[in-house]
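Novice: Okay, handing you the structure first.
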Amino acid sequence: MSITIFCIVIFAALLHAVWNSIVKGGKDKGLNMTGVVLGHVPIALLSLLFVPAPAPESWPYIVLSLFFHAGYQLFLLQSYRVGDLTQVYPIARGTAPLLVAIVSILFLGVVLRPIDQLAILVIAVGILSLSIVRQQDGLRNVNAAWLAFFTGCFIAAYSLNDGIGARLAGTAIGFYAWLGIANAIVWVIIMSFINPNVLKILPRQGKRVFFIGGSASFIAYTLVVWAFTQAPIALVTALRETSIIFALLIGTFFLREKLNLAKVFSTMVTLLGAILMRFSK
């Protein structure tokens with residue numbers, strides 16, 4: 001991986017941690033998530049003026065990705081309602097490279113070297129240790145851990161799907177611009193059933209998350225999708241999980257979440273596994 005791709009993915013990781021902290025930090029997390037998702041639309045429409053439409057071969061991947069992204073957003077939203085950013089985020093992000101590696105072995109015929117296997121083991125240890133960290137109330141938050149784990153499953157699914165789809169599309173930006181707009185439409189439909197009041201108050205109370213969170217989210221994942229077309233998907237997926245260290249810092253210093261040795265250890269172990277996977281090829 002070139003230094004340019006490396007730095008771009010690290011920057012995307014920082015942006016991803018920022019918008020996640022915005023969703024977690026607000027009182028109405030449904031409003032914040034909706035603001036982020038719908039906030040993709042303005043910048044996506046602007047992008048379409050400068051890039052070609054994705055090739056027809058990629059359209060089925062866009063459709064399938066709508067399911068994966070909707071599942072990811074719903075599970076992430078519920079995770080943040082019951083758990084801390086410093087617990088939920090590392091589990092969700094740490095699960096993804098682990099699952100991508102497993103799918104690559106079982107279904108894509110990828111043979112992992114010993115260092116790859118070590119990276120998987122280290123990430124697994126980090127995830128398992130995070131699943132039993134204590135919340136500020138002193139109780140083990142098992143529900144948050146499971147929700148975060150399933151969030152990670154959807155992350156792995158859309159990462160593999162979008163990586164392949166963007167390569168077929170011939171334009172990473174065009175691929176995600178179409179996907180971002182379609183995803184916003186699907187999310188509006190979902191929220192109209194589960195919490196229609198959010199759509200009514202968004203123009204009044206969600207401007208900041210709409211413009212800042214939405215732009216950060218769109219740019220972050222557009223950069224990752226582009227990186228998928230330039231480097232192996234598993235490698236990019238692992239590298240972008242350095243966002244967990246940014247999330248730890250944001251959760252501790254800005255959201256005032258309690259920092260303890262368990263969270264530090266678990267986050268650093270998971271990060272170490274992601275780094276090992278980054279340098280395994």
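Order determines the names: the first chain of the structure tokens is A, the second B, and so forth; residues in each chain are numbered 1 upward, and ligands are numbered 1 upward as they are shown.
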What lies within 7 Å of region 145-151 of chain A using only C-alpha atoms, ignoring chain neighbours under 5 positions off, as a PDB file with all heavy atoms, in the first residue's frame?

Specialist:
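The resulting file, around.pdb, is reproduced below:
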ATOM      1  N   TYR A  72     -26.709  -1.845   9.348  1.00  0.00           N
ATOM      2  CA  TYR A  72     -25.614  -1.236  10.094  1.00  0.00           C
ATOM      3  C   TYR A  72     -26.097  -0.021  10.871  1.00  0.00           C
ATOM      4  O   TYR A  72     -25.795   0.137  12.076  1.00  0.00           O
ATOM      5  CB  TYR A  72     -24.504  -0.854   9.113  1.00  0.00           C
ATOM      6  CG  TYR A  72     -23.569   0.230   9.592  1.00  0.00           C
ATOM      7  CD1 TYR A  72     -22.679  -0.004  10.635  1.00  0.00           C
ATOM      8  CD2 TYR A  72     -23.568   1.487   8.981  1.00  0.00           C
ATOM      9  CE1 TYR A  72     -21.816   0.988  11.071  1.00  0.00           C
ATOM     10  CE2 TYR A  72     -22.705   2.478   9.409  1.00  0.00           C
ATOM     11  CZ  TYR A  72     -21.831   2.233  10.449  1.00  0.00           C
ATOM     12  OH  TYR A  72     -20.982   3.219  10.874  1.00  0.00           O
ATOM     13  N   PHE A  75     -28.527  -1.040  13.851  1.00  0.00           N
ATOM     14  CA  PHE A  75     -27.843  -1.678  14.972  1.00  0.00           C
ATOM     15  C   PHE A  75     -26.894  -0.705  15.671  1.00  0.00           C
ATOM     16  O   PHE A  75     -26.768  -0.725  16.903  1.00  0.00           O
ATOM     17  CB  PHE A  75     -27.079  -2.922  14.494  1.00  0.00           C
ATOM     18  CG  PHE A  75     -27.919  -4.162  14.484  1.00  0.00           C
ATOM     19  CD1 PHE A  75     -28.645  -4.530  13.350  1.00  0.00           C
ATOM     20  CD2 PHE A  75     -28.001  -4.968  15.604  1.00  0.00           C
ATOM     21  CE1 PHE A  75     -29.428  -5.668  13.340  1.00  0.00           C
ATOM     22  CE2 PHE A  75     -28.784  -6.117  15.612  1.00  0.00           C
ATOM     23  CZ  PHE A  75     -29.502  -6.477  14.471  1.00  0.00           C
ATOM     24  N   LEU A  76     -26.224   0.156  14.898  1.00  0.00           N
ATOM     25  CA  LEU A  76     -25.335   1.142  15.504  1.00  0.00           C
ATOM     26  C   LEU A  76     -26.138   2.116  16.363  1.00  0.00           C
ATOM     27  O   LEU A  76     -25.718   2.467  17.476  1.00  0.00           O
ATOM     28  CB  LEU A  76     -24.577   1.904  14.419  1.00  0.00           C
ATOM     29  CG  LEU A  76     -23.571   2.947  14.918  1.00  0.00           C
ATOM     30  CD1 LEU A  76     -22.434   2.272  15.684  1.00  0.00           C
ATOM     31  CD2 LEU A  76     -23.009   3.758  13.751  1.00  0.00           C
ATOM     32  N   SER A  79     -27.069   0.411  19.503  1.00  0.00           N
ATOM     33  CA  SER A  79     -25.862   0.207  20.320  1.00  0.00           C
ATOM     34  C   SER A  79     -25.532   1.455  21.121  1.00  0.00           C
ATOM     35  O   SER A  79     -25.203   1.381  22.315  1.00  0.00           O
ATOM     36  CB  SER A  79     -24.682  -0.156  19.419  1.00  0.00           C
ATOM     37  OG  SER A  79     -24.891  -1.365  18.735  1.00  0.00           O
ATOM     38  N   VAL A  88     -18.779   0.448  22.475  1.00  0.00           N
ATOM     39  CA  VAL A  88     -19.470   0.048  21.250  1.00  0.00           C
ATOM     40  C   VAL A  88     -18.568   0.168  20.025  1.00  0.00           C
ATOM     41  O   VAL A  88     -18.469  -0.764  19.215  1.00  0.00           O
ATOM     42  CB  VAL A  88     -20.740   0.910  21.056  1.00  0.00           C
ATOM     43  CG1 VAL A  88     -21.322   0.705  19.654  1.00  0.00           C
ATOM     44  CG2 VAL A  88     -21.773   0.568  22.117  1.00  0.00           C
ATOM     45  N   ILE A  91     -15.714  -2.533  19.428  1.00  0.00           N
ATOM     46  CA  ILE A  91     -16.250  -3.858  19.100  1.00  0.00           C
ATOM     47  C   ILE A  91     -16.759  -3.886  17.674  1.00  0.00           C
ATOM     48  O   ILE A  91     -16.456  -4.796  16.891  1.00  0.00           O
ATOM     49  CB  ILE A  91     -17.372  -4.261  20.075  1.00  0.00           C
ATOM     50  CG1 ILE A  91     -16.836  -4.397  21.493  1.00  0.00           C
ATOM     51  CG2 ILE A  91     -18.014  -5.579  19.630  1.00  0.00           C
ATOM     52  CD1 ILE A  91     -17.892  -4.709  22.526  1.00  0.00           C
ATOM     53  N   ALA A  92     -17.553  -2.869  17.307  1.00  0.00           N
ATOM     54  CA  ALA A  92     -18.125  -2.821  15.963  1.00  0.00           C
ATOM     55  C   ALA A  92     -17.034  -2.742  14.899  1.00  0.00           C
ATOM     56  O   ALA A  92     -17.049  -3.480  13.906  1.00  0.00           O
ATOM     57  CB  ALA A  92     -19.071  -1.625  15.840  1.00  0.00           C
ATOM     58  N   THR A  95     -14.653  -5.962  14.859  1.00  0.00           N
ATOM     59  CA  THR A  95     -15.260  -7.181  14.317  1.00  0.00           C
ATOM     60  C   THR A  95     -15.104  -7.262  12.808  1.00  0.00           C
ATOM     61  O   THR A  95     -14.903  -8.346  12.249  1.00  0.00           O
ATOM     62  CB  THR A  95     -16.756  -7.237  14.685  1.00  0.00           C
ATOM     63  OG1 THR A  95     -16.889  -7.229  16.112  1.00  0.00           O
ATOM     64  CG2 THR A  95     -17.416  -8.486  14.133  1.00  0.00           C
ATOM     65  N   SER A 131     -16.158  -7.026  25.347  1.00  0.00           N
ATOM     66  CA  SER A 131     -17.540  -7.435  25.588  1.00  0.00           C
ATOM     67  C   SER A 131     -17.876  -7.540  27.062  1.00  0.00           C
ATOM     68  O   SER A 131     -19.044  -7.626  27.429  1.00  0.00           O
ATOM     69  CB  SER A 131     -17.803  -8.789  24.916  1.00  0.00           C
ATOM     70  OG  SER A 131     -17.062  -9.809  25.554  1.00  0.00           O
TER      71      SER A 131
END

Novice: Tell me which protein, DNA and RNA residues are within 9 Å of region 98-110 of chain A, counting only C-alpha atoms, leaving out same-chain ones fewer than 3 positions away, and put them as a list in words.

Specialist: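 Listed by chain and then number, they are Gly94, Thr95, Asp116, Ala119, Ile120, Leu121, Ile123, Ala124, Gly152, Cys153, Ala156, Ala157, Ser159, Leu160, Ile233, Ala234, Thr237, Ala238 and Ala274 of chain A.
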
Novice: Any chance you could export the current selection's all heavy atoms as a short mmCIF file (atom, residue, chain, number, x, y, z; two decimals), in the first residue's frame?

Specialist:
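Ended up saving to out09.cif:
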data_model
loop_
_atom_site.label_atom_id
_atom_site.label_comp_id
_atom_site.auth_asym_id
_atom_site.auth_seq_id
_atom_site.Cartn_x
_atom_site.Cartn_y
_atom_site.Cartn_z
N GLY A 94 -13.76 -3.40 15.33
CA GLY A 94 -12.81 -4.50 15.42
C GLY A 94 -13.33 -5.80 14.85
O GLY A 94 -12.55 -6.66 14.41
N THR A 95 -14.65 -5.96 14.86
CA THR A 95 -15.26 -7.18 14.32
C THR A 95 -15.10 -7.26 12.81
O THR A 95 -14.90 -8.35 12.25
CB THR A 95 -16.76 -7.24 14.69
OG1 THR A 95 -16.89 -7.23 16.11
CG2 THR A 95 -17.42 -8.49 14.13
N ASP A 116 -1.07 -13.30 9.48
CA ASP A 116 -2.50 -13.04 9.30
C ASP A 116 -3.30 -13.72 10.41
O ASP A 116 -4.22 -13.14 10.99
CB ASP A 116 -2.98 -13.58 7.95
CG ASP A 116 -2.27 -12.92 6.77
OD1 ASP A 116 -2.40 -11.70 6.63
OD2 ASP A 116 -1.60 -13.64 6.02
N ALA A 119 -2.96 -11.87 13.62
CA ALA A 119 -3.77 -10.65 13.63
C ALA A 119 -5.21 -10.98 13.98
O ALA A 119 -5.84 -10.28 14.78
CB ALA A 119 -3.69 -9.96 12.27
N ILE A 120 -5.74 -12.05 13.39
CA ILE A 120 -7.12 -12.45 13.68
C ILE A 120 -7.28 -12.81 15.15
O ILE A 120 -8.26 -12.42 15.81
CB ILE A 120 -7.52 -13.65 12.79
CG1 ILE A 120 -7.60 -13.20 11.33
CG2 ILE A 120 -8.86 -14.23 13.23
CD1 ILE A 120 -7.82 -14.34 10.36
N LEU A 121 -6.32 -13.56 15.69
CA LEU A 121 -6.37 -13.95 17.09
C LEU A 121 -6.34 -12.74 18.02
O LEU A 121 -7.10 -12.65 18.98
CB LEU A 121 -5.21 -14.90 17.41
CG LEU A 121 -5.10 -15.35 18.87
CD1 LEU A 121 -6.34 -16.13 19.29
CD2 LEU A 121 -3.85 -16.20 19.06
N ILE A 123 -7.20 -9.60 17.35
CA ILE A 123 -8.46 -8.86 17.25
C ILE A 123 -9.56 -9.57 18.05
O ILE A 123 -10.35 -8.95 18.75
CB ILE A 123 -8.87 -8.69 15.78
CG1 ILE A 123 -7.92 -7.71 15.09
CG2 ILE A 123 -10.31 -8.17 15.67
CD1 ILE A 123 -8.15 -7.57 13.60
N ALA A 124 -9.60 -10.90 17.95
CA ALA A 124 -10.61 -11.67 18.68
C ALA A 124 -10.46 -11.46 20.19
O ALA A 124 -11.45 -11.30 20.91
CB ALA A 124 -10.49 -13.15 18.34
N GLY A 152 -20.86 -4.81 13.62
CA GLY A 152 -19.63 -5.17 12.93
C GLY A 152 -19.87 -6.16 11.80
O GLY A 152 -19.18 -6.13 10.77
N CYS A 153 -20.85 -7.05 11.97
CA CYS A 153 -21.18 -8.00 10.91
C CYS A 153 -21.67 -7.27 9.67
O CYS A 153 -21.30 -7.61 8.53
CB CYS A 153 -22.26 -8.98 11.39
SG CYS A 153 -21.71 -10.12 12.68
N ALA A 156 -18.72 -5.55 7.92
CA ALA A 156 -17.96 -6.50 7.11
C ALA A 156 -18.69 -6.79 5.80
O ALA A 156 -18.07 -6.84 4.73
CB ALA A 156 -17.72 -7.79 7.88
N ALA A 157 -20.01 -6.96 5.89
CA ALA A 157 -20.80 -7.28 4.70
C ALA A 157 -20.75 -6.15 3.68
O ALA A 157 -20.51 -6.38 2.49
CB ALA A 157 -22.24 -7.60 5.10
N SER A 159 -18.58 -3.77 3.47
CA SER A 159 -17.21 -3.52 3.02
C SER A 159 -16.86 -4.42 1.83
O SER A 159 -16.34 -3.95 0.81
CB SER A 159 -16.23 -3.75 4.16
OG SER A 159 -16.43 -2.83 5.20
N LEU A 160 -17.13 -5.71 1.97
CA LEU A 160 -16.86 -6.64 0.88
C LEU A 160 -17.71 -6.32 -0.34
O LEU A 160 -17.23 -6.28 -1.47
CB LEU A 160 -17.12 -8.08 1.34
CG LEU A 160 -16.11 -8.66 2.33
CD1 LEU A 160 -16.65 -9.93 2.97
CD2 LEU A 160 -14.78 -8.95 1.62
N ILE A 233 -9.24 -5.29 -0.25
CA ILE A 233 -10.32 -4.86 0.63
C ILE A 233 -10.02 -5.19 2.09
O ILE A 233 -10.26 -4.37 2.99
CB ILE A 233 -11.64 -5.52 0.19
CG1 ILE A 233 -12.01 -5.06 -1.22
CG2 ILE A 233 -12.77 -5.19 1.17
CD1 ILE A 233 -13.20 -5.81 -1.82
N ALA A 234 -9.50 -6.39 2.35
CA ALA A 234 -9.20 -6.79 3.72
C ALA A 234 -8.17 -5.87 4.35
O ALA A 234 -8.25 -5.53 5.53
CB ALA A 234 -8.73 -8.24 3.76
N THR A 237 -9.85 -2.46 5.03
CA THR A 237 -10.78 -2.61 6.14
C THR A 237 -10.04 -2.63 7.47
O THR A 237 -10.48 -2.01 8.45
CB THR A 237 -11.60 -3.91 5.98
OG1 THR A 237 -12.31 -3.87 4.74
CG2 THR A 237 -12.59 -4.07 7.12
N ALA A 238 -8.93 -3.36 7.52
CA ALA A 238 -8.16 -3.43 8.76
C ALA A 238 -7.54 -2.08 9.11
O ALA A 238 -7.59 -1.64 10.26
CB ALA A 238 -7.08 -4.49 8.63
N ALA A 274 -5.47 -4.92 14.25
CA ALA A 274 -5.70 -4.24 12.98
C ALA A 274 -4.39 -3.84 12.33
O ALA A 274 -4.21 -3.95 11.11
CB ALA A 274 -6.58 -3.01 13.19
#

Novice: For the contact check between region 101-189 of chain A and region 26-37 of chain A, emit one row per residue of region 101-189 of chain A within 10 Å, containing the shortest atom pair and the distance in Å rounded to one decimal, counting only C-alpha atoms, chain then rising number order, as JSON lines.

Specialist:
{"residue": "A:Gly180", "atom": "CA", "partner": "A:Val37", "partner_atom": "CA", "distance": 7.8}
{"residue": "A:Ile181", "atom": "CA", "partner": "A:Val37", "partner_atom": "CA", "distance": 8.9}
{"residue": "A:Asn183", "atom": "CA", "partner": "A:Val37", "partner_atom": "CA", "distance": 7.5}
{"residue": "A:Ala184", "atom": "CA", "partner": "A:Val37", "partner_atom": "CA", "distance": 5.7}
{"residue": "A:Ile185", "atom": "CA", "partner": "A:Val37", "partner_atom": "CA", "distance": 9.3}
{"residue": "A:Val186", "atom": "CA", "partner": "A:Val37", "partner_atom": "CA", "distance": 9.9}
{"residue": "A:Trp187", "atom": "CA", "partner": "A:Val37", "partner_atom": "CA", "distance": 7.4}
{"residue": "A:Val188", "atom": "CA", "partner": "A:Thr34", "partner_atom": "CA", "distance": 7.9}

Novice: Store the residues picked out above in a file with all heavy atoms, as a PDB file, in the first residue's frame.

Specialist:
ATOM      1  N   GLY A 180     -25.326   6.625  -1.564  1.00  0.00           N
ATOM      2  CA  GLY A 180     -25.671   7.538  -0.484  1.00  0.00           C
ATOM      3  C   GLY A 180     -27.057   8.135  -0.641  1.00  0.00           C
ATOM      4  O   GLY A 180     -27.804   8.261   0.333  1.00  0.00           O
ATOM      5  N   ILE A 181     -27.411   8.498  -1.862  1.00  0.00           N
ATOM      6  CA  ILE A 181     -28.739   9.060  -2.116  1.00  0.00           C
ATOM      7  C   ILE A 181     -29.817   8.005  -1.903  1.00  0.00           C
ATOM      8  O   ILE A 181     -30.846   8.256  -1.252  1.00  0.00           O
ATOM      9  CB  ILE A 181     -28.807   9.635  -3.544  1.00  0.00           C
ATOM     10  CG1 ILE A 181     -27.853  10.828  -3.677  1.00  0.00           C
ATOM     11  CG2 ILE A 181     -30.238  10.048  -3.892  1.00  0.00           C
ATOM     12  CD1 ILE A 181     -27.674  11.320  -5.102  1.00  0.00           C
ATOM     13  N   ASN A 183     -29.599   5.319  -0.102  1.00  0.00           N
ATOM     14  CA  ASN A 183     -29.621   4.968   1.318  1.00  0.00           C
ATOM     15  C   ASN A 183     -30.430   5.987   2.117  1.00  0.00           C
ATOM     16  O   ASN A 183     -31.152   5.622   3.058  1.00  0.00           O
ATOM     17  CB  ASN A 183     -28.190   4.888   1.853  1.00  0.00           C
ATOM     18  CG  ASN A 183     -28.132   4.474   3.299  1.00  0.00           C
ATOM     19  OD1 ASN A 183     -28.750   3.506   3.706  1.00  0.00           O
ATOM     20  ND2 ASN A 183     -27.383   5.219   4.094  1.00  0.00           N
ATOM     21  N   ALA A 184     -30.310   7.256   1.762  1.00  0.00           N
ATOM     22  CA  ALA A 184     -31.081   8.298   2.443  1.00  0.00           C
ATOM     23  C   ALA A 184     -32.577   8.097   2.231  1.00  0.00           C
ATOM     24  O   ALA A 184     -33.381   8.269   3.163  1.00  0.00           O
ATOM     25  CB  ALA A 184     -30.653   9.673   1.941  1.00  0.00           C
ATOM     26  N   ILE A 185     -32.957   7.717   1.015  1.00  0.00           N
ATOM     27  CA  ILE A 185     -34.368   7.471   0.721  1.00  0.00           C
ATOM     28  C   ILE A 185     -34.893   6.301   1.548  1.00  0.00           C
ATOM     29  O   ILE A 185     -35.982   6.364   2.146  1.00  0.00           O
ATOM     30  CB  ILE A 185     -34.570   7.206  -0.780  1.00  0.00           C
ATOM     31  CG1 ILE A 185     -34.224   8.457  -1.598  1.00  0.00           C
ATOM     32  CG2 ILE A 185     -36.006   6.758  -1.070  1.00  0.00           C
ATOM     33  CD1 ILE A 185     -34.212   8.232  -3.090  1.00  0.00           C
ATOM     34  N   VAL A 186     -34.114   5.229   1.598  1.00  0.00           N
ATOM     35  CA  VAL A 186     -34.505   4.052   2.385  1.00  0.00           C
ATOM     36  C   VAL A 186     -34.618   4.411   3.862  1.00  0.00           C
ATOM     37  O   VAL A 186     -35.558   3.981   4.555  1.00  0.00           O
ATOM     38  CB  VAL A 186     -33.499   2.901   2.184  1.00  0.00           C
ATOM     39  CG1 VAL A 186     -33.757   1.767   3.175  1.00  0.00           C
ATOM     40  CG2 VAL A 186     -33.558   2.381   0.762  1.00  0.00           C
ATOM     41  N   TRP A 187     -33.694   5.220   4.360  1.00  0.00           N
ATOM     42  CA  TRP A 187     -33.717   5.593   5.773  1.00  0.00           C
ATOM     43  C   TRP A 187     -34.935   6.442   6.108  1.00  0.00           C
ATOM     44  O   TRP A 187     -35.520   6.304   7.193  1.00  0.00           O
ATOM     45  CB  TRP A 187     -32.431   6.327   6.146  1.00  0.00           C
ATOM     46  CG  TRP A 187     -32.300   6.577   7.618  1.00  0.00           C
ATOM     47  CD1 TRP A 187     -32.428   7.758   8.280  1.00  0.00           C
ATOM     48  CD2 TRP A 187     -32.011   5.592   8.627  1.00  0.00           C
ATOM     49  NE1 TRP A 187     -32.243   7.593   9.627  1.00  0.00           N
ATOM     50  CE2 TRP A 187     -31.986   6.271   9.866  1.00  0.00           C
ATOM     51  CE3 TRP A 187     -31.785   4.227   8.592  1.00  0.00           C
ATOM     52  CZ2 TRP A 187     -31.737   5.611  11.070  1.00  0.00           C
ATOM     53  CZ3 TRP A 187     -31.530   3.555   9.792  1.00  0.00           C
ATOM     54  CH2 TRP A 187     -31.509   4.254  11.006  1.00  0.00           C
ATOM     55  N   VAL A 188     -35.324   7.328   5.206  1.00  0.00           N
ATOM     56  CA  VAL A 188     -36.528   8.131   5.418  1.00  0.00           C
ATOM     57  C   VAL A 188     -37.750   7.217   5.538  1.00  0.00           C
ATOM     58  O   VAL A 188     -38.615   7.415   6.407  1.00  0.00           O
ATOM     59  CB  VAL A 188     -36.725   9.141   4.269  1.00  0.00           C
ATOM     60  CG1 VAL A 188     -38.128   9.751   4.324  1.00  0.00           C
ATOM     61  CG2 VAL A 188     -35.678  10.242   4.346  1.00  0.00           C
TER      62      VAL A 188
END

Novice: Could you pull out the helix (DSSP H, G or I) residues of region 37-273 of chain A, going by DSSP on the backbone, and write them as a PyMOL selection string?

Specialist: chain A and resi 37-38+40-48+56-82+85-107+114-130+142-169+172-194+196-205+207-228+233-240+243-253+261-273

Novice: Which residues are near region 248-255 of chain A? Cut-off 9 Å, only C-alpha atoms, ignore same chain within fewer than 4 positions. Put them as a PyMOL selection string.

Specialist: chain A and resi 17-18+21+24-25+84-87+89-90+243-244+259+263-264+267

Novice: Can you pull out every residue within 9 Å of Val82 (chain A), counting only C-alpha atoms, but drop anything in the same chain fewer than 6 positions away, and send it as a PDB file with C-alpha atoms, in the first residue's frame?

Specialist:
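Here's the written file selection36.pdb:
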ATOM      1  CA  ASN A 141     -23.163  -4.185  29.393  1.00  0.00           C
ATOM      2  CA  ASN A 143     -26.485  -6.056  25.394  1.00  0.00           C
ATOM      3  CA  ALA A 144     -24.313  -3.246  24.057  1.00  0.00           C
TER       4      ALA A 144
END

Novice: Using only C-alpha atoms, find the one residue out of A:Pro60, A:Val209, A:Ser217, A:Arg204 that sits nearest to Ala166 (chain A).

Specialist: A:Pro60

Novice: Name the residues in contact with Leu64 (chain A) at a cut-off of 12 Å, using only C-alpha atoms, excluding same-chain residues fewer than 6 positions from it; report them as a list in words.

Specialist: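 Residues meeting the cut-off are Ser58, Ala70, Gly71, Phe154, Ala157, Tyr158, Ser159, Leu160, Asn161, Asp162, Ile164, Gly165, Leu179, Ala182 and Asn183 of chain A.
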
Novice: Quick one: distance from CA of Val23 (chain A) to CA of Met191 (chain A) in Å, one decimal?

Specialist: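 So the answer is 15.8 Å.
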
Novice: In terms of the shortest atom-to-atom distance over only C-alpha atoms, which of A:Phe265, A:Glu257, A:Leu112, A:Phe175 is closest to Val63 (chain A)?

Specialist: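 Residue with the minimum atom-to-atom distance to Val63 (chain A): A:Phe175.
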
Novice: CA of Ile115 (chain A) to CA of Ile5 (chain A): how many Å, to one decimal?

Specialist: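 Computing it gives 21.9 Å between the two atoms.
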
Novice: Provide the CA of Leu14 (chain A) to CA of Ala227 (chain A) distance in Å, to one decimal place.

Specialist: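 Separation between CA of Leu14 (chain A) and CA of Ala227 (chain A): 15.2 Å.
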